[in-house]
$ cat work-v2.cif   # mmCIF, C-alpha atoms
data_query
#
loop_
_atom_site.label_atom_id
_atom_site.label_comp_id
_atom_site.auth_asym_id
_atom_site.auth_seq_id
_atom_site.Cartn_x
_atom_site.Cartn_y
_atom_site.Cartn_z
CA GLU Y 489 -13.67 -18.20 -15.25
CA LEU Y 490 -11.08 -15.46 -15.79
CA ALA Y 491 -9.47 -16.18 -12.41
CA TRP Y 492 -9.26 -19.94 -13.01
CA ALA Y 493 -7.91 -19.45 -16.53
CA ALA Y 494 -5.24 -17.11 -15.15
CA LEU Y 495 -4.31 -19.66 -12.48
CA ARG Y 496 -3.99 -22.43 -15.08
CA ALA Y 497 -1.89 -20.24 -17.36
CA ASP Y 498 0.37 -19.24 -14.50
CA SER Y 499 0.83 -22.80 -13.24
CA GLN Y 500 2.16 -23.72 -16.68
CA SER Y 501 4.54 -20.75 -16.69
CA LEU Y 502 5.72 -21.65 -13.17
CA SER Y 503 6.50 -25.21 -14.26
CA HIS Y 504 8.63 -23.91 -17.12
CA GLY Y 505 10.29 -21.42 -14.76
CA SER Y 506 11.18 -24.13 -12.24
CA ALA Y 507 12.84 -26.14 -15.00
CA ALA Y 508 14.88 -23.09 -15.97
CA ARG Y 509 15.93 -22.47 -12.36
CA GLY Y 510 16.88 -26.11 -11.94
CA GLY Y 511 19.74 -25.61 -14.36
CA ALA Y 512 21.28 -23.06 -12.00
CA ALA Y 513 21.57 -25.45 -9.07
CA ASN Y 514 25.19 -26.21 -9.92
CA ALA Y 515 26.24 -22.57 -10.23
CA PRO Y 516 28.92 -21.36 -7.79
CA PRO Y 517 27.68 -19.44 -4.71
CA GLY Y 518 27.21 -15.71 -5.15
CA THR Y 519 26.67 -15.87 -8.90
CA ALA Y 520 23.51 -14.96 -10.75
CA SER Y 521 21.01 -17.17 -12.49
CA ALA Y 522 19.47 -16.20 -15.84
CA VAL Y 523 15.83 -17.26 -15.94
CA LYS Y 524 14.49 -16.97 -19.48
CA SER Y 525 10.96 -15.79 -20.25
CA ARG Y 526 9.32 -15.47 -23.64
CA SER Y 527 10.89 -12.15 -24.57
CA ARG Y 528 13.60 -11.28 -22.08
CA VAL Y 529 16.05 -12.65 -19.53
CA THR Y 530 15.67 -11.70 -15.88
CA ILE Y 531 18.77 -11.85 -13.68
CA LEU Y 532 17.96 -13.08 -10.18
CA PRO Y 533 20.60 -13.13 -7.38
CA LEU Y 534 21.45 -16.47 -5.77
CA TYR Y 535 22.43 -16.76 -2.11
CA PRO Y 536 23.83 -19.80 -0.25
CA MET Y 537 21.33 -21.21 2.25
CA PRO Y 538 22.51 -23.83 4.79
CA ARG Y 539 20.88 -27.23 4.83
CA SER Y 540 20.18 -29.13 8.02
CA GLY Y 541 23.58 -30.84 7.71
CA GLY Y 542 25.39 -27.53 7.29
CA GLU Y 543 26.06 -27.99 3.56
CA PRO Y 544 25.12 -24.84 1.61
CA ARG Y 545 22.60 -24.88 -1.18
CA LEU Y 546 21.45 -22.20 -3.60
CA SER Y 547 18.06 -20.54 -3.38
CA ILE Y 548 16.42 -17.53 -4.95
CA ILE Y 549 15.40 -15.04 -2.26
CA PRO Y 550 12.78 -12.48 -3.36
CA ARG Y 551 13.23 -8.99 -1.96
CA LEU Y 552 10.44 -8.09 0.44
CA VAL Y 553 8.29 -5.21 -0.79
CA ASN Y 554 6.75 -2.68 1.59
CA PRO Y 555 3.35 -1.72 0.10
CA TYR Y 556 3.53 1.69 1.73
CA ILE Y 557 6.84 2.67 0.18
CA ILE Y 558 6.72 4.17 -3.33
CA ALA Y 559 10.11 4.00 -4.99
CA HIS Y 560 9.65 7.12 -7.11
CA ARG Y 561 8.44 9.29 -4.21
CA GLY Y 562 10.52 11.13 -1.61
CA ARG Y 563 10.27 11.28 2.17
CA ILE Y 564 8.03 14.35 2.28
CA PHE Y 565 5.42 12.72 0.05
CA LEU Y 566 5.54 9.48 2.06
CA PHE Y 567 5.22 11.40 5.35
CA PHE Y 568 1.96 13.05 4.26
CA TRP Y 569 0.76 10.11 2.16
CA PRO Y 570 -1.50 8.53 4.86
CA PHE Y 571 -3.46 11.80 5.00
CA THR Y 572 -3.45 12.72 1.31
CA ARG Y 573 -4.46 9.26 0.08
CA TYR Y 574 -7.36 9.20 2.56
CA LEU Y 575 -8.60 12.65 1.58
CA VAL Y 576 -8.10 12.25 -2.18
CA THR Y 577 -9.60 8.76 -2.38
CA GLN Y 578 -12.55 9.46 -0.11
CA LEU Y 579 -13.35 12.66 -1.98
CA THR Y 580 -13.18 10.80 -5.30
CA VAL Y 581 -15.41 8.02 -4.01
CA ALA Y 582 -17.90 10.57 -2.63
CA MET Y 583 -18.04 12.22 -6.05
CA GLY Y 584 -18.57 8.75 -7.52
CA TRP Y 585 -21.48 8.22 -5.14
CA VAL Y 586 -23.12 11.38 -6.51
CA VAL Y 587 -22.54 10.30 -10.13
CA PHE Y 588 -23.39 6.60 -9.83
CA LYS Y 589 -26.01 6.52 -7.07
CA ALA Y 590 -27.74 9.88 -7.06
CA LEU Y 591 -27.66 10.74 -10.76
CA ASN Y 592 -27.55 7.35 -12.50
CA LYS Y 593 -29.41 5.18 -9.93
CA THR Y 594 -26.76 2.47 -10.05
CA VAL Y 595 -27.99 -0.81 -8.52
CA ILE Y 596 -25.52 -2.94 -6.53
CA ILE Y 597 -26.40 -6.64 -6.21
CA GLY Y 598 -24.62 -8.94 -3.74
CA HIS Y 599 -23.04 -6.22 -1.60
CA GLU Y 600 -23.35 -8.51 1.43
CA ASN Y 601 -20.97 -11.07 -0.15
CA VAL Y 602 -17.90 -8.84 0.03
CA GLY Y 603 -17.14 -8.75 3.75
CA GLU Y 604 -14.27 -6.84 5.36
CA GLU Y 605 -11.43 -9.39 5.37
CA MET Y 606 -7.97 -8.40 4.29
CA ASN Y 607 -6.36 -10.47 1.51
CA THR Y 608 -9.46 -10.07 -0.65
CA VAL Y 609 -9.33 -9.58 -4.41
CA LEU Y 610 -12.24 -8.24 -6.45
CA LEU Y 611 -12.08 -9.67 -9.99
CA SER Y 612 -13.97 -7.63 -12.55
CA ASN Y 613 -14.31 -7.29 -16.29
CA HIS Y 614 -12.90 -4.07 -17.73
CA GLN Y 615 -14.63 -1.70 -20.14
CA THR Y 616 -13.96 1.88 -19.02
CA MET Y 617 -11.31 3.95 -17.23
CA ILE Y 618 -13.59 4.43 -14.22
CA ASP Y 619 -14.23 0.74 -13.53
CA GLY Y 620 -11.86 0.68 -10.55
CA PHE Y 621 -13.68 3.52 -8.81
CA LEU Y 622 -17.08 1.98 -9.56
CA VAL Y 623 -16.09 -1.42 -8.14
CA GLY Y 624 -14.41 0.08 -5.07
CA TYR Y 625 -17.39 2.37 -4.40
CA GLY Y 626 -19.90 -0.43 -4.82
CA ALA Y 627 -18.03 -2.80 -2.53
CA TYR Y 628 -16.90 -0.64 0.39
CA PHE Y 629 -18.47 2.82 0.48
CA PRO Y 630 -19.42 4.26 3.00
CA LYS Y 631 -17.63 1.78 5.32
CA SER Y 632 -14.31 2.98 3.94
CA LEU Y 633 -14.89 6.37 5.64
CA TRP Y 634 -14.17 4.89 9.08
CA LYS Y 635 -12.20 1.87 7.86
CA PRO Y 636 -9.72 3.31 5.32
CA SER Y 637 -7.92 -0.04 5.05
CA LEU Y 638 -10.90 -1.16 2.93
CA LEU Y 639 -9.94 1.27 0.17
CA PRO Y 640 -8.75 -1.12 -2.57
CA TRP Y 641 -5.38 -1.09 -4.30
CA HIS Y 642 -5.59 -0.79 -8.08
CA PRO Y 643 -2.98 -2.16 -10.51
CA ALA Y 644 -3.02 0.36 -13.37
CA ALA Y 645 -1.28 0.87 -16.70
CA GLN Y 646 1.67 3.18 -16.21
CA GLU Y 647 1.19 4.87 -19.58
CA ASN Y 648 -2.41 5.84 -18.71
CA PHE Y 649 -2.07 7.02 -15.11
CA TRP Y 650 1.49 8.38 -14.82
CA PHE Y 651 1.83 10.40 -18.02
CA ASN Y 652 2.00 13.81 -16.29
CA PRO Y 653 2.85 14.97 -12.73
CA VAL Y 654 -0.72 15.87 -11.72
CA ILE Y 655 -2.31 12.57 -12.80
CA ALA Y 656 0.68 10.68 -11.35
CA TRP Y 657 0.18 12.39 -7.97
CA LEU Y 658 -3.53 11.54 -8.02
CA SER Y 659 -2.81 7.94 -9.06
CA ASP Y 660 -0.41 7.41 -6.17
CA ASN Y 661 -3.02 8.79 -3.78
CA TRP Y 662 -5.69 6.58 -5.33
CA LYS Y 663 -3.51 3.61 -4.25
CA CYS Y 664 -2.73 2.66 -7.83
CA ILE Y 665 0.14 0.26 -8.55
CA PRO Y 666 1.97 1.17 -11.78
CA VAL Y 667 2.33 -1.67 -14.28
CA LYS Y 668 4.78 -1.08 -17.12
CA ALA Y 669 3.73 -1.22 -20.76
CA GLY Y 670 3.80 -4.77 -22.10
CA ARG Y 671 2.52 -6.13 -18.75
CA LYS Y 672 5.64 -8.26 -18.11
CA ASP Y 673 6.40 -6.43 -14.87
CA PHE Y 674 7.65 -8.77 -12.16
CA GLY Y 675 8.27 -5.86 -9.79
CA ALA Y 676 4.62 -4.83 -10.03
CA MET Y 677 3.51 -8.40 -9.30
CA LYS Y 678 5.67 -8.50 -6.15
CA ARG Y 679 4.14 -5.24 -4.96
CA MET Y 680 0.66 -6.55 -5.76
CA GLU Y 681 1.44 -9.63 -3.67
CA SER Y 682 2.55 -7.52 -0.72
CA CYS Y 683 -0.41 -5.13 -0.99
CA LEU Y 684 -2.92 -7.96 -1.22
CA ARG Y 685 -1.59 -9.71 1.88
CA HIS Y 686 -2.32 -6.60 3.93
CA GLY Y 687 -5.33 -5.15 2.18
CA VAL Y 688 -7.94 -5.35 -0.56
CA MET Y 689 -7.32 -5.15 -4.30
CA THR Y 690 -9.39 -4.60 -7.42
CA VAL Y 691 -7.96 -6.48 -10.41
CA PHE Y 692 -8.99 -6.78 -14.04
CA PRO Y 693 -7.66 -10.20 -15.15
CA GLU Y 694 -8.03 -9.23 -18.81
CA GLY Y 695 -5.23 -6.70 -18.32
CA THR Y 696 -6.81 -4.13 -20.65
CA ARG Y 697 -10.18 -2.70 -21.59
CA SER Y 698 -12.58 -4.59 -23.81
CA ARG Y 699 -13.79 -2.41 -26.68
CA ASP Y 700 -16.93 -4.44 -27.45
CA GLY Y 701 -17.91 -5.83 -24.04
CA ARG Y 702 -16.68 -9.39 -24.68
CA LEU Y 703 -14.36 -11.02 -22.15
CA LEU Y 704 -10.73 -11.06 -23.29
CA PRO Y 705 -8.21 -13.83 -22.52
CA PRO Y 706 -6.81 -13.34 -18.99
CA ARG Y 707 -3.19 -12.45 -18.25
CA SER Y 708 -1.19 -14.79 -16.06
CA GLY Y 709 0.18 -12.14 -13.67
CA ILE Y 710 -2.81 -12.15 -11.33
CA GLY Y 711 -2.67 -15.95 -11.34
CA TYR Y 712 0.86 -15.77 -9.93
CA VAL Y 713 -0.25 -13.31 -7.24
CA MET Y 714 -3.24 -15.44 -6.26
CA LEU Y 715 -1.14 -18.59 -6.07
CA LYS Y 716 1.26 -16.81 -3.70
CA THR Y 717 -1.35 -15.17 -1.45
CA ARG Y 718 -4.39 -17.52 -1.63
CA PRO Y 719 -6.86 -14.62 -1.24
CA LYS Y 720 -10.61 -14.55 -0.93
CA ALA Y 721 -11.59 -14.04 -4.60
CA ILE Y 722 -14.89 -12.31 -5.38
CA PRO Y 723 -16.08 -12.08 -9.01
CA VAL Y 724 -17.75 -8.78 -9.91
#

$ encode --input "work-v2.cif" --output "structure tokens"
Amino acid sequence: ELAWAALRADSQSLSHGSAARGGAANAPPGTASAVKSRSRVTILPLYPMPRSGGEPRLSIIPRLVNPYIIAHRGRIFLFFWPFTRYLVTQLTVAMGWVVFKALNKTVIIGHENVGEEMNTVLLSNHQTMIDGFLVGYGAYFPKSLWKPSLLPWHPAAQENFWFNPVIAWLSDNWKCIPVKAGRKDFGAMKRMESCLRHGVMTVFPEGTRSRDGRLLPPRSGIGYVMLKTRPKAIPV
């Protein structure tokens, strides 16, 4: 229900966005188009694209995002990142196995429904800070030990996971995707789209934790990503 509500909300926002972009069709080549959202204006570059008859037209070209490039990290970090993210994440998941399985006797129902396909999104409700580890552990451990591509990406609130250098380093190695406060982060959505096309992702459509266990209204960002990637969606 959360996924479908997000898709419906995003389809409405896309229809309004297309109307806004339509007004820029007569702009001169090489200029910029201002696409208005509810609270801010995003400037998107316009580039001339030739038609079949050779006459140029204007189109918005999104910049391709490499999921394995972190803008705020240097070359040394990125060089060692394939090793550090494997070690840090697998160690964290192994500790989670001890906590959830051995000590708390956590029961996982429907494990066989997950599969191993890329472009898979796990949609879960959100109540605690450890939900991402619990969902990822329940879905893919221990297969992730020999198939590290099954380790899910995790969109995460920037203010909660990047507030000091140590937690930020761990978050990057946990394959977290920083989402800015306010949740109107188009750059994060583009990276989510790129990561999902080549991997697995755990997403909380509510966008924040529920304090009383009730489902909150979904955010439209994941609806945009799912419309672009058409993933295998698994409710958790």

$ resolve_selection --input "work-v2.cif" --expression "the PyMOL selection byres ((chain Y and resi 665-674) around 6)" --output "ChimeraX atom specification"
/Y:642-646,664,675-677

$ closest_residue --input "work-v2.cif" --among "Y:Trp634, Y:Met583, Y:Arg685, Y:Thr616" --to "Gly701 (chain Y)" --atoms "all atoms listed in the file"
Y:Thr616

$ closest_atom_pairs --input "work-v2.cif" --of "region 550-652 of chain Y" --to "region 703-708 of chain Y" --cutoff "12 Å" --atoms "all atoms listed in the file" --output "CSV"
residue,atom,partner,partner_atom,distance
Y:Leu611,CA,Y:Pro706,CA,11.1
Y:Ser612,CA,Y:Leu703,CA,10.2
Y:Asn613,CA,Y:Leu703,CA,6.9
Y:His614,CA,Y:Leu703,CA,8.4
Y:Gln615,CA,Y:Leu703,CA,9.5

$ closest_residue --input "work-v2.cif" --among "Y:His686, Y:Lys663, Y:Lys678, Y:Arg697" --to "Gly709 (chain Y)" --atoms "only C-alpha atoms"
Y:Lys678

$ closest_atom_pairs --input "work-v2.cif" --of "region 604-645 of chain Y" --to "region 549-570 of chain Y" --cutoff "12 Å" --atoms "only C-alpha atoms" --output "Markdown table"
| residue | atom | partner | partner_atom | distance |
| --- | --- | --- | --- | --- |
| Y:Pro636 | CA | Y:Pro570 | CA | 9.7 |
| Y:Ser637 | CA | Y:Pro570 | CA | 10.7 |
| Y:Trp641 | CA | Y:Pro555 | CA | 9.8 |

$ atom_distance --input "work-v2.cif" --atom1 "CA of Ala627 (chain Y)" --atom2 "CA of Met689 (chain Y)"
11.1 Å
